[in-house]
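Asks: Got protein10.txt for you, compact mmCIF, C-alpha atoms and all ligand atoms:
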# COMPACT_ATOMS: atom_id res chain seq x y z
CA MET U 1 -1.28 55.60 169.19
CA LYS U 2 -1.21 57.85 166.12
CA THR U 3 1.51 60.49 166.00
CA TYR U 4 1.03 63.59 163.89
CA LYS U 5 4.19 65.40 162.86
CA ILE U 6 3.60 69.13 162.84
CA ALA U 7 6.06 71.75 161.55
CA CYS U 8 5.76 74.99 163.52
CA ILE U 9 6.98 78.11 161.72
CA PRO U 10 6.28 81.13 163.94
CA GLY U 11 7.99 83.53 161.51
CA ASP U 12 8.00 87.17 162.60
CA GLY U 13 6.31 89.64 164.94
CA ILE U 14 3.34 88.29 166.89
CA GLY U 15 3.73 85.00 165.00
CA LYS U 16 6.38 84.25 167.63
CA GLU U 17 3.77 84.76 170.35
CA VAL U 18 0.68 83.09 168.92
CA ILE U 19 2.27 79.96 167.45
CA PRO U 20 3.75 78.72 170.76
CA ALA U 21 0.30 79.39 172.26
CA GLY U 22 -1.28 77.24 169.53
CA GLN U 23 1.24 74.50 170.19
CA GLU U 24 0.39 74.52 173.92
CA VAL U 25 -3.30 74.24 173.15
CA LEU U 26 -2.81 71.34 170.71
CA GLN U 27 -0.59 69.61 173.27
CA ALA U 28 -3.28 69.98 175.96
CA LEU U 29 -5.89 68.63 173.56
CA ALA U 30 -3.80 65.55 172.76
CA ALA U 31 -2.99 64.96 176.46
CA GLY U 32 -6.65 65.04 177.43
CA GLY U 33 -7.75 61.51 176.50
CA SER U 34 -7.16 61.63 172.74
CA ASP U 35 -5.94 58.60 170.82
CA PHE U 36 -3.28 60.64 169.06
CA ARG U 37 -0.23 62.67 169.95
CA PHE U 38 1.72 65.47 168.31
CA GLU U 39 5.40 65.65 167.49
CA PHE U 40 6.27 69.31 166.93
CA THR U 41 9.35 70.54 165.12
CA SER U 42 9.98 74.28 165.19
CA PHE U 43 11.78 76.17 162.42
CA GLY U 44 13.21 79.61 163.14
CA TRP U 45 12.73 80.94 159.62
CA GLY U 46 11.76 84.55 158.91
CA GLY U 47 13.32 87.97 159.44
CA ASP U 48 15.92 86.81 161.99
CA TRP U 49 17.00 84.00 159.65
CA TYR U 50 17.27 86.60 156.87
CA ARG U 51 19.57 88.82 158.95
CA ALA U 52 21.81 85.84 159.71
CA HIS U 53 21.75 84.07 156.32
CA GLY U 54 20.52 86.58 153.71
CA LYS U 55 17.38 84.56 152.98
CA MET U 56 14.12 83.88 154.75
CA MET U 57 14.53 80.10 154.84
CA PRO U 58 17.25 77.65 153.78
CA ASP U 59 17.33 76.49 150.15
CA ASP U 60 16.51 72.93 151.24
CA GLY U 61 13.85 74.13 153.71
CA LEU U 62 10.94 72.57 151.82
CA GLU U 63 12.67 69.20 152.00
CA ALA U 64 12.86 69.50 155.79
CA ILE U 65 9.08 69.86 156.11
CA ARG U 66 7.86 67.78 153.16
CA GLY U 67 7.28 64.69 155.32
CA MET U 68 5.20 66.51 157.96
CA ASP U 69 1.46 65.90 158.38
CA ALA U 70 0.72 69.64 158.57
CA ILE U 71 2.32 73.04 159.07
CA LEU U 72 1.32 75.66 161.64
CA PHE U 73 2.47 79.07 160.43
CA GLY U 74 2.56 82.48 162.15
CA SER U 75 3.43 85.45 159.98
CA ALA U 76 6.09 86.65 157.57
CA GLY U 77 6.82 90.37 157.84
CA ASP U 78 9.62 92.32 159.53
CA PRO U 79 9.73 96.08 160.12
CA HIS U 80 13.28 96.28 158.69
CA ILE U 81 12.92 94.07 155.58
CA PRO U 82 10.77 94.97 152.53
CA ASP U 83 7.44 93.10 152.58
CA HIS U 84 7.83 91.57 149.12
CA ILE U 85 11.05 89.87 150.29
CA THR U 86 9.55 88.42 153.47
CA LEU U 87 6.36 87.29 151.73
CA TRP U 88 7.93 85.71 148.63
CA GLY U 89 10.88 84.30 150.56
CA LEU U 90 8.88 82.26 153.03
CA ARG U 91 5.09 82.01 152.99
CA LEU U 92 4.62 82.02 149.21
CA LYS U 93 7.59 79.71 148.78
CA ILE U 94 5.80 77.13 150.91
CA CYS U 95 2.35 77.70 149.36
CA GLN U 96 3.74 77.41 145.84
CA GLY U 97 6.32 74.70 146.58
CA PHE U 98 3.62 72.46 148.04
CA ASP U 99 0.95 73.47 145.50
CA GLN U 100 -1.44 74.56 148.26
CA TYR U 101 -3.79 75.93 145.65
CA ALA U 102 -6.90 76.27 147.82
CA ASN U 103 -6.89 78.91 150.52
CA VAL U 104 -9.92 78.43 152.73
CA ARG U 105 -11.18 81.11 155.10
CA PRO U 106 -14.19 80.42 157.30
CA THR U 107 -15.85 83.51 158.78
CA ARG U 108 -18.44 83.53 161.55
CA ILE U 109 -19.35 85.90 164.36
CA LEU U 110 -18.32 83.95 167.47
CA PRO U 111 -20.34 84.23 170.71
CA GLY U 112 -19.63 87.40 172.69
CA ILE U 113 -17.95 89.23 169.82
CA ASP U 114 -19.22 92.71 169.05
CA ALA U 115 -19.26 92.81 165.24
CA PRO U 116 -19.60 96.19 163.52
CA LEU U 117 -22.59 95.48 161.24
CA LYS U 118 -25.93 96.78 162.44
CA ARG U 119 -28.82 94.32 162.21
CA CYS U 120 -26.47 91.36 161.78
CA GLY U 121 -26.64 88.54 164.30
CA PRO U 122 -24.30 85.53 164.45
CA ARG U 123 -26.59 83.48 162.24
CA ASP U 124 -26.63 86.13 159.50
CA LEU U 125 -22.94 85.78 158.79
CA ASP U 126 -21.57 82.31 158.15
CA TRP U 127 -19.27 82.29 155.14
CA VAL U 128 -16.38 80.33 153.73
CA ILE U 129 -14.22 82.21 151.25
CA VAL U 130 -12.19 80.05 148.88
CA ARG U 131 -9.19 81.86 147.47
CA GLU U 132 -7.27 80.67 144.43
CA ASN U 133 -3.82 80.44 145.97
CA SER U 134 -1.42 79.44 143.20
CA GLU U 135 -1.73 81.80 140.23
CA GLY U 136 -3.78 84.83 139.13
CA GLU U 137 -2.63 88.29 140.14
CA TYR U 138 0.07 86.86 142.45
CA ALA U 139 1.71 84.67 139.81
CA GLY U 140 4.83 86.79 140.27
CA VAL U 141 5.12 87.53 136.56
CA GLY U 142 6.00 91.00 135.37
CA GLY U 143 8.86 93.41 135.52
CA ARG U 144 10.15 96.95 135.39
CA ALA U 145 11.80 98.62 132.44
CA HIS U 146 13.70 101.92 132.53
CA GLN U 147 13.64 101.84 136.32
CA GLY U 148 13.64 105.29 137.89
CA HIS U 149 13.25 107.13 134.59
CA PRO U 150 10.17 109.12 133.60
CA ILE U 151 9.42 106.54 130.91
CA GLU U 152 9.47 103.66 133.39
CA VAL U 153 6.95 100.88 132.75
CA ALA U 154 6.06 98.29 135.41
CA THR U 155 3.80 95.27 135.00
CA ASP U 156 2.26 92.61 137.24
CA VAL U 157 0.68 90.11 134.92
CA SER U 158 -2.23 88.03 136.14
CA ILE U 159 -1.92 84.48 134.87
CA LEU U 160 -4.90 82.14 134.90
CA THR U 161 -4.75 78.66 133.45
CA ARG U 162 -7.83 76.64 132.56
CA ALA U 163 -6.54 73.74 134.65
CA GLY U 164 -5.86 76.05 137.59
CA VAL U 165 -9.31 77.62 137.42
CA GLU U 166 -11.03 74.26 136.99
CA ARG U 167 -9.43 72.77 140.08
CA ILE U 168 -10.30 75.70 142.34
CA MET U 169 -13.88 75.88 140.97
CA ARG U 170 -14.34 72.16 141.55
CA PHE U 171 -12.93 72.50 145.08
CA ALA U 172 -15.31 75.41 145.81
CA PHE U 173 -18.41 73.67 144.39
CA ARG U 174 -17.57 70.54 146.41
CA LEU U 175 -17.11 72.59 149.60
CA ALA U 176 -20.39 74.46 148.96
CA GLN U 177 -22.09 71.09 148.42
CA SER U 178 -20.86 69.88 151.83
CA ARG U 179 -22.46 72.81 153.67
CA PRO U 180 -26.12 72.93 154.70
CA ARG U 181 -27.16 75.67 152.27
CA LYS U 182 -25.33 74.23 149.24
CA GLN U 183 -24.82 77.71 147.86
CA LEU U 184 -21.85 79.24 146.02
CA THR U 185 -21.13 82.79 144.85
CA VAL U 186 -18.52 83.01 142.09
CA VAL U 187 -16.78 86.37 142.42
CA THR U 188 -15.64 87.87 139.14
CA LYS U 189 -14.54 91.04 137.39
CA SER U 190 -15.14 89.94 133.82
CA ASN U 191 -16.62 93.31 132.88
CA ALA U 192 -13.20 94.98 133.14
CA GLN U 193 -10.72 92.07 133.06
CA ARG U 194 -11.78 90.73 129.70
CA HIS U 195 -9.52 87.71 129.19
CA GLY U 196 -8.73 85.66 132.29
CA MET U 197 -11.91 86.55 134.14
CA VAL U 198 -14.07 85.70 131.14
CA MET U 199 -12.47 82.25 131.12
CA TRP U 200 -13.05 82.10 134.90
CA ASP U 201 -16.79 82.67 134.30
CA GLU U 202 -16.92 80.06 131.52
CA VAL U 203 -15.22 77.46 133.71
CA ALA U 204 -17.71 78.20 136.51
CA VAL U 205 -20.59 77.40 134.15
CA ALA U 206 -18.91 74.18 132.98
CA VAL U 207 -18.00 72.93 136.47
CA SER U 208 -21.45 73.82 137.87
CA LYS U 209 -22.94 71.08 135.66
CA GLU U 210 -21.14 68.51 137.85
CA PHE U 211 -22.94 69.87 140.91
CA PRO U 212 -26.64 70.16 140.01
CA ASP U 213 -27.64 70.36 143.68
CA VAL U 214 -25.51 73.49 144.34
CA ARG U 215 -27.29 76.82 143.81
CA TRP U 216 -24.82 79.36 142.51
CA ASP U 217 -24.63 82.92 141.34
CA LYS U 218 -22.05 85.36 140.00
CA GLU U 219 -21.11 88.69 141.56
CA LEU U 220 -18.64 91.38 140.51
CA VAL U 221 -16.00 91.82 143.19
CA ASP U 222 -16.77 95.49 143.85
CA ALA U 223 -20.49 94.80 144.17
CA CYS U 224 -19.59 91.87 146.40
CA THR U 225 -18.01 94.16 149.03
CA ALA U 226 -21.30 96.07 149.27
CA ARG U 227 -23.31 92.85 149.41
CA MET U 228 -21.15 91.57 152.28
CA VAL U 229 -22.06 94.67 154.26
CA ASN U 230 -25.70 95.11 153.21
CA ARG U 231 -26.94 91.54 152.78
CA PRO U 232 -24.53 89.24 154.65
CA ALA U 233 -27.12 86.48 155.01
CA SER U 234 -27.40 86.20 151.22
CA LEU U 235 -23.87 84.73 151.04
CA ASP U 236 -22.58 81.31 152.07
CA THR U 237 -19.56 79.91 150.17
CA LEU U 238 -17.59 82.24 147.86
CA VAL U 239 -14.80 81.59 145.39
CA ALA U 240 -12.52 84.32 144.05
CA THR U 241 -9.10 84.89 142.52
CA ASN U 242 -5.96 85.39 144.60
CA LEU U 243 -6.15 89.21 144.82
CA HIS U 244 -9.92 89.52 144.98
CA ALA U 245 -10.22 86.96 147.77
CA ASP U 246 -7.26 88.45 149.63
CA ILE U 247 -9.18 91.71 149.95
CA LEU U 248 -12.64 90.21 150.50
CA SER U 249 -11.39 87.97 153.29
CA ASP U 250 -9.85 90.81 155.31
CA LEU U 251 -13.15 92.65 154.98
CA ALA U 252 -14.92 89.48 156.09
CA ALA U 253 -12.65 89.16 159.14
CA ALA U 254 -13.32 92.76 160.16
CA LEU U 255 -17.09 92.32 159.68
CA ALA U 256 -16.94 89.31 161.98
CA GLY U 257 -15.27 91.35 164.72
CA SER U 258 -11.47 91.36 164.35
CA LEU U 259 -8.53 90.36 162.20
CA GLY U 260 -7.16 88.68 165.35
CA ILE U 261 -9.82 85.94 165.27
CA ALA U 262 -9.81 84.81 161.65
CA PRO U 263 -8.18 81.53 160.57
CA THR U 264 -7.10 80.14 157.25
CA GLY U 265 -5.85 76.95 155.65
CA ASN U 266 -3.56 76.74 152.64
CA ILE U 267 -4.67 73.37 151.37
CA ASP U 268 -3.33 70.84 148.91
CA PRO U 269 -6.65 69.03 148.33
CA GLU U 270 -4.85 66.11 146.66
CA ARG U 271 -2.75 65.61 149.81
CA ARG U 272 0.51 65.21 147.92
CA TYR U 273 2.16 67.68 150.33
CA PRO U 274 1.50 68.98 153.84
CA SER U 275 -1.12 71.73 154.09
CA MET U 276 -0.44 74.89 156.10
CA PHE U 277 -2.69 76.56 158.67
CA GLU U 278 -2.27 80.13 159.94
CA PRO U 279 -4.14 83.06 161.41
CA ILE U 280 -4.93 85.52 158.61
CA HIS U 281 -3.29 88.44 160.40
CA GLY U 282 0.32 89.49 159.90
CA SER U 283 3.19 90.44 162.22
CA ALA U 284 1.31 93.35 163.90
CA PHE U 285 4.36 95.56 164.43
CA ASP U 286 2.39 97.90 166.71
CA ILE U 287 1.85 95.26 169.41
CA MET U 288 4.62 92.70 168.82
CA GLY U 289 6.73 91.53 171.75
CA LYS U 290 4.23 92.78 174.33
CA GLY U 291 2.14 89.67 174.95
CA LEU U 292 -1.01 91.44 173.74
CA ALA U 293 -1.76 89.48 170.56
CA ASN U 294 -5.10 87.73 170.27
CA PRO U 295 -4.30 84.01 169.85
CA VAL U 296 -7.85 83.05 168.80
CA GLY U 297 -7.04 83.22 165.07
CA THR U 298 -4.29 80.68 165.68
CA PHE U 299 -6.52 78.45 167.83
CA TRP U 300 -9.24 78.46 165.16
CA SER U 301 -6.52 77.61 162.59
CA CYS U 302 -5.64 74.65 164.84
CA VAL U 303 -9.30 73.57 164.56
CA MET U 304 -8.92 73.59 160.76
CA LEU U 305 -5.66 71.65 161.09
CA LEU U 306 -7.38 68.97 163.20
CA GLU U 307 -10.23 68.70 160.69
CA HIS U 308 -7.68 68.29 157.92
CA LEU U 309 -5.91 65.53 159.87
CA GLY U 310 -9.23 63.70 160.14
CA GLU U 311 -9.85 64.42 163.84
CA PRO U 312 -13.32 66.03 163.76
CA GLN U 313 -14.10 65.27 167.41
CA ALA U 314 -10.95 66.94 168.69
CA ALA U 315 -11.63 69.85 166.34
CA ALA U 316 -15.14 70.25 167.73
CA ARG U 317 -13.83 70.10 171.32
CA LEU U 318 -11.34 72.89 170.61
CA MET U 319 -13.93 75.01 168.77
CA ALA U 320 -16.34 74.69 171.71
CA ALA U 321 -13.59 75.82 174.11
CA ILE U 322 -12.80 78.80 171.86
CA GLU U 323 -16.47 79.83 171.77
CA GLU U 324 -16.66 79.63 175.58
CA ILE U 325 -13.75 82.02 175.97
CA THR U 326 -14.88 84.53 173.32
CA ALA U 327 -18.23 84.64 175.13
CA ASP U 328 -16.42 86.02 178.21
CA PRO U 329 -15.49 89.73 177.78
CA LYS U 330 -12.87 89.37 180.55
CA LEU U 331 -10.95 87.17 178.13
CA HIS U 332 -11.02 89.68 175.26
CA THR U 333 -7.68 91.05 174.04
CA GLY U 334 -7.14 94.68 173.02
CA ASP U 335 -8.33 94.22 169.42
CA LEU U 336 -11.74 93.27 170.88
CA GLY U 337 -11.74 96.18 173.32
CA GLY U 338 -10.59 94.09 176.30
CA GLN U 339 -7.56 93.91 178.57
CA ALA U 340 -6.65 90.22 178.42
CA ARG U 341 -3.18 89.09 177.41
CA THR U 342 -2.18 86.27 175.04
CA ALA U 343 -1.22 84.11 178.04
CA ASP U 344 -4.58 84.68 179.80
CA VAL U 345 -6.56 83.56 176.75
CA THR U 346 -4.29 80.56 176.21
CA ALA U 347 -4.55 79.43 179.83
CA ALA U 348 -8.33 79.84 179.72
CA VAL U 349 -8.69 77.67 176.61
CA ILE U 350 -6.44 75.00 178.11
CA SER U 351 -8.41 74.97 181.35
CA ARG U 352 -11.71 74.62 179.39
CA LEU U 353 -10.18 71.71 177.45
CA ASN U 354 -9.07 70.02 180.64
CA ASN U 355 -12.58 70.33 182.09
CA ARG U 356 -14.48 68.88 179.13
P1 LIG D 401 -1.37 92.96 160.52
O1 LIG D 401 -2.40 91.88 160.44
O2 LIG D 401 -0.05 92.59 161.01
O3 LIG D 401 -1.94 94.12 161.49
C1 LIG D 401 -3.07 94.95 161.18
C2 LIG D 401 -3.67 95.50 162.47
O4 LIG D 401 -4.40 94.48 163.15
C3 LIG D 401 -2.62 96.01 163.46
O5 LIG D 401 -3.12 97.15 164.12
C4 LIG D 401 -2.49 94.86 164.43
O6 LIG D 401 -2.09 95.25 165.74
C5 LIG D 401 -3.90 94.28 164.45
N1 LIG D 401 -3.82 92.82 164.70
C6 LIG D 401 -3.51 91.87 163.78
N2 LIG D 401 -3.52 90.67 164.36
C7 LIG D 401 -3.83 90.85 165.65
C8 LIG D 401 -3.97 89.97 166.75
N3 LIG D 401 -3.79 88.64 166.63
N4 LIG D 401 -4.28 90.50 167.95
C9 LIG D 401 -4.48 91.82 168.09
N5 LIG D 401 -4.36 92.70 167.09
C10 LIG D 401 -4.03 92.22 165.88
O7 LIG D 401 -1.28 93.62 159.08
P2 LIG D 401 -0.25 94.71 158.51
O8 LIG D 401 0.00 95.75 159.55
O9 LIG D 401 -0.79 95.09 157.20
O10 LIG D 401 1.09 93.90 158.22
C11 LIG D 401 2.21 93.84 159.10
C12 LIG D 401 3.24 92.89 158.50
O11 LIG D 401 2.72 91.57 158.44
C13 LIG D 401 3.66 93.25 157.08
O12 LIG D 401 5.05 92.97 156.97
C14 LIG D 401 2.87 92.30 156.21
O13 LIG D 401 3.49 92.02 154.98
C15 LIG D 401 2.83 91.07 157.10
N6 LIG D 401 1.68 90.18 156.82
C16 LIG D 401 1.94 88.85 156.73
C17 LIG D 401 0.89 87.96 156.54
C18 LIG D 401 1.18 86.48 156.48
O14 LIG D 401 2.30 86.07 156.76
N7 LIG D 401 0.23 85.64 156.13
C19 LIG D 401 -0.42 88.43 156.45
C20 LIG D 401 -0.66 89.80 156.56
C21 LIG D 401 0.41 90.67 156.74
K K D 402 -0.53 84.82 158.88
MN MN D 403 -3.92 89.34 152.96
Once you've parsed the file, please lay out its structure as structure tokens.
Replies:
Amino acid sequence: MKTYKIACIPGDGIGKEVIPAGQEVLQALAAGGSDFRFEFTSFGWGGDWYRAHGKMMPDDGLEAIRGMDAILFGSAGDPHIPDHITLWGLRLKICQGFDQYANVRPTRILPGIDAPLKRCGPRDLDWVIVRENSEGEYAGVGGRAHQGHPIEVATDVSILTRAGVERIMRFAFRLAQSRPRKQLTVVTKSNAQRHGMVMWDEVAVAVSKEFPDVRWDKELVDACTARMVNRPASLDTLVATNLHADILSDLAAALAGSLGIAPTGNIDPERRYPSMFEPIHGSAFDIMGKGLANPVGTFWSCVMLLEHLGEPQAAARLMAAIEEITADPKLHTGDLGGQARTADVTAAVISRLNNR
């Protein structure tokens, strides 16, 4: 029997509630007649680790998880620690350390979910947003001079490399090609950002030649937000830089019903390192510790994890169970206007899995 080694990093806030729920669901899936099993190892990194050790994870932390088949991640973000410390000290350290350069965010309106767009049914919104996850606006380059003085100057430099843009474009064209509509929108801002984004556009043209069967177009990021709202069915696969896609994908999650549902994968397409799967939401300080978090974003991330491991049947079984429970308003958590608790939703998914 195959054994998949999974690193679980709940992190902070509701990450500590939804990741154990995801683990339970994966365990139930494996127990129910699958030809594989999971070996979970949990790592207590995050804000609590920071209070005890002065850093978000140990210096040799990446070594401890390098040999895993995948990582299931919750959230980094603590009410008492500045966000740039929690983010750079844990999540980005893993994404960058393992060169997870493709961040993939599927967005669909699941059955039973009341999405805010008028005249938009489930079939009108079926997107995958590909986010460049290793450079661009979040390269971490910049600085502050004359800090605190009236003449202070602060910079955050966006770095794009031709190799970095080529690999994410190729990944996005290939993903678009694998979907029924074979359609890609390249999101840009080359009217205002006249160096890196102009190269981005040029690389898109060059890489598109390798994919003659993919229809593609270009859209400025600001216009793209309006298009997502006004003409959702005109989009399928999108590719954008780190910052642009960060913003577009939260909008996408909200248009599909709730931040609590949306999943993501931080992927190393070359499979040199483990890839990391997580709900797109953060620590949700307002509801943490109360058992109210929607675990569906984590469950859907587990579907992506299973697909990545090469277990499409198990992934489909879990997705079907998720869609059955979103279809039932009694199993909606507060973010969806319901009263259900994390534990109710988790138990319901497990019972659907056991009855399939
Ligand atoms: P957030 O996603 O934590 O919360 C935004 C809102 O959505 C809150 O009202 C929250 O209650 C609600 N929400 C989010 N997930 C939910 C769920 N599963 N169920 C029900 N409601 C849910 O975003 P924020 O408030 O901007 O950030 C809080 C902290 O999380 C910050 O420290 C931030 O840096 C961090 N964060 C981390 C990640 C990550 O680790 N990938 C992502 C986003 C934010
Ligand atoms: K997250
Ligand atoms: Mn974000």
Asks: Give me, please, the distance in Å between atom CA of Asp286 of chain U and atom O3 of ligand LIG 401 (chain D), quoted to one decimal.
Replies: 7.8 Å
Asks: Box along x, y and z, 5 Å on every side, all listed atoms of ligand LIG 401 (chain D) inside: centre and edge lengths in Å to one decimal, as lines of an AutoDock Vina configuration file.
Replies:
center_x = 0.3
center_y = 91.4
center_z = 161.5
size_x = 19.5
size_y = 21.5
size_z = 23.1
Asks: Measuring atom to atom with all atoms listed in the file, identify which of U:Gly148, U:Gly282, U:Gly289, U:Gly338 is nearest to ligand K 402 (chain D).
Replies: U:Gly282
Asks: Any idea what's packed within 8 Å of segment 270-277 of chain U, counting all atoms listed in the file, ignoring anything in its chain fewer than 6 positions away? Could you give it as a ChimeraX atom specification?
Replies: /U:65-73,95,98-100,263-264,301-302,304-305
Asks: If we count all atoms listed in the file, what is near segment 187-193 of chain U at a cut-off of 8 Å, once residues fewer than 5 positions away on the same chain are taken out, given as a PyMOL selection string?
Replies: chain U and resi 198+200-201+218-221+224+238-241+244
Asks: Would you write out, as CSV, a table of all residues in chain U that have an atom no more than 7 Å from an atom of ligand LIG 401 (chain D), listing for each the closest atom pair and the distance in Å to one decimal, considering all atoms listed in the file and ordering rows by chain and rising residue number?
Replies:
residue,atom,partner,partner_atom,distance
U:Gly74,CA,D:LIG401,O14,6.5
U:Ser75,CA,D:LIG401,O14,3.5
U:Ala76,CA,D:LIG401,O14,3.9
U:Gly77,CA,D:LIG401,O12,3.3
U:Asp78,CA,D:LIG401,O12,5.3
U:Pro79,CA,D:LIG401,O12,6.4
U:Asp83,CA,D:LIG401,O13,4.7
U:Leu87,CA,D:LIG401,O13,6.4
U:Arg91,CA,D:LIG401,O14,6.2
U:Leu259,CA,D:LIG401,N2,5.5
U:Gly260,CA,D:LIG401,N3,3.6
U:Ile261,CA,D:LIG401,N3,6.7
U:Ile280,CA,D:LIG401,N7,5.7
U:His281,CA,D:LIG401,O1,3.6
U:Gly282,CA,D:LIG401,O2,3.3
U:Ser283,CA,D:LIG401,O11,4.0
U:Ala284,CA,D:LIG401,O2,3.3
U:Phe285,CA,D:LIG401,C11,6.0
U:Asp286,CA,D:LIG401,O6,5.3
U:Ile287,CA,D:LIG401,O6,5.4
U:Leu292,CA,D:LIG401,C9,6.6
U:Ala293,CA,D:LIG401,N4,3.8
U:Asn294,CA,D:LIG401,N4,3.7
U:Pro295,CA,D:LIG401,N3,5.7
U:Gly297,CA,D:LIG401,N3,6.5
U:Thr333,CA,D:LIG401,C9,6.8
U:Gly334,CA,D:LIG401,C9,6.3
U:Asp335,CA,D:LIG401,C9,4.7
Asks: Residues at most 7 Å from ligand MN 403 (chain D), using all atoms listed in the file? Could they come as a PyMOL selection string?
Replies: chain U and resi 246-247+250+280
Asks: Just checking: using all atoms listed in the file, which residue out of U:Glu132, U:Glu278, U:Glu166, U:Asp12 ends up closest to ligand K 402 (chain D)?
Replies: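 Smallest distance to ligand K 402 (chain D) is found for U:Glu278.
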Asks: For atom CA of Ser234 of chain U and atom CA of Asp124 of chain U, quote the distance in Å rounded to one decimal.
Replies: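 Spanning atom CA of Ser234 of chain U to atom CA of Asp124 of chain U is a straight-line distance of 8.3 Å.
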Asks: Ranking U:His195, U:Thr155, U:Ile267, U:Asp48 by minimum distance to Gln96 of chain U and counting all atoms listed in the file, which one comes first?
Replies: U:Ile267
Asks: For atom CA of Gln313 of chain U and atom CA of Gly22 of chain U, quote the distance in Å rounded to one decimal.
Replies: 17.7 Å
Asks: For Ala172 of chain U, list every protein, DNA or RNA residue within 9 Å, evaluated using all atoms listed in the file, and leave out those in the same chain fewer than 3 positions away; present the list as number ranges by chain.
Replies: U: 102, 129-130, 167-169, 175-177, 184, 237-239
Asks: Please supply segment 257-271 of chain U, rebuilt with N, CA and C atoms, as a CSV table (one decimal), keeping the file's coordinate frame.
Replies:
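See result.csv below for the written result:
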chain,number,residue,atom,x,y,z
U,257,GLY,N,-15.7,90.9,163.4
U,257,GLY,CA,-15.3,91.4,164.7
U,257,GLY,C,-13.8,91.8,164.8
U,258,SER,N,-12.9,91.0,164.3
U,258,SER,CA,-11.5,91.4,164.4
U,258,SER,C,-10.6,90.5,163.5
U,259,LEU,N,-9.6,91.1,162.9
U,259,LEU,CA,-8.5,90.4,162.2
U,259,LEU,C,-7.8,89.3,163.1
U,260,GLY,N,-7.9,89.6,164.4
U,260,GLY,CA,-7.2,88.7,165.4
U,260,GLY,C,-7.8,87.3,165.6
U,261,ILE,N,-9.0,87.2,165.0
U,261,ILE,CA,-9.8,85.9,165.3
U,261,ILE,C,-9.8,85.0,164.1
U,262,ALA,N,-9.5,85.6,162.9
U,262,ALA,CA,-9.8,84.8,161.6
U,262,ALA,C,-8.7,83.8,161.3
U,263,PRO,N,-9.1,82.6,160.9
U,263,PRO,CA,-8.2,81.5,160.6
U,263,PRO,C,-8.1,81.3,159.1
U,264,THR,N,-7.1,80.6,158.6
U,264,THR,CA,-7.1,80.1,157.2
U,264,THR,C,-6.3,78.9,157.1
U,265,GLY,N,-6.6,78.1,156.0
U,265,GLY,CA,-5.8,77.0,155.6
U,265,GLY,C,-5.4,77.1,154.2
U,266,ASN,N,-4.1,76.8,154.0
U,266,ASN,CA,-3.6,76.7,152.6
U,266,ASN,C,-3.5,75.2,152.3
U,267,ILE,N,-4.4,74.8,151.5
U,267,ILE,CA,-4.7,73.4,151.4
U,267,ILE,C,-4.2,72.8,150.0
U,268,ASP,N,-3.5,71.6,150.1
U,268,ASP,CA,-3.3,70.8,148.9
U,268,ASP,C,-4.4,69.8,148.9
U,269,PRO,N,-5.5,70.0,148.2
U,269,PRO,CA,-6.6,69.0,148.3
U,269,PRO,C,-6.3,67.6,147.9
U,270,GLU,N,-5.3,67.5,147.1
U,270,GLU,CA,-4.8,66.1,146.7
U,270,GLU,C,-3.9,65.4,147.7
U,271,ARG,N,-3.6,66.2,148.7
U,271,ARG,CA,-2.8,65.6,149.8
U,271,ARG,C,-1.4,65.0,149.4
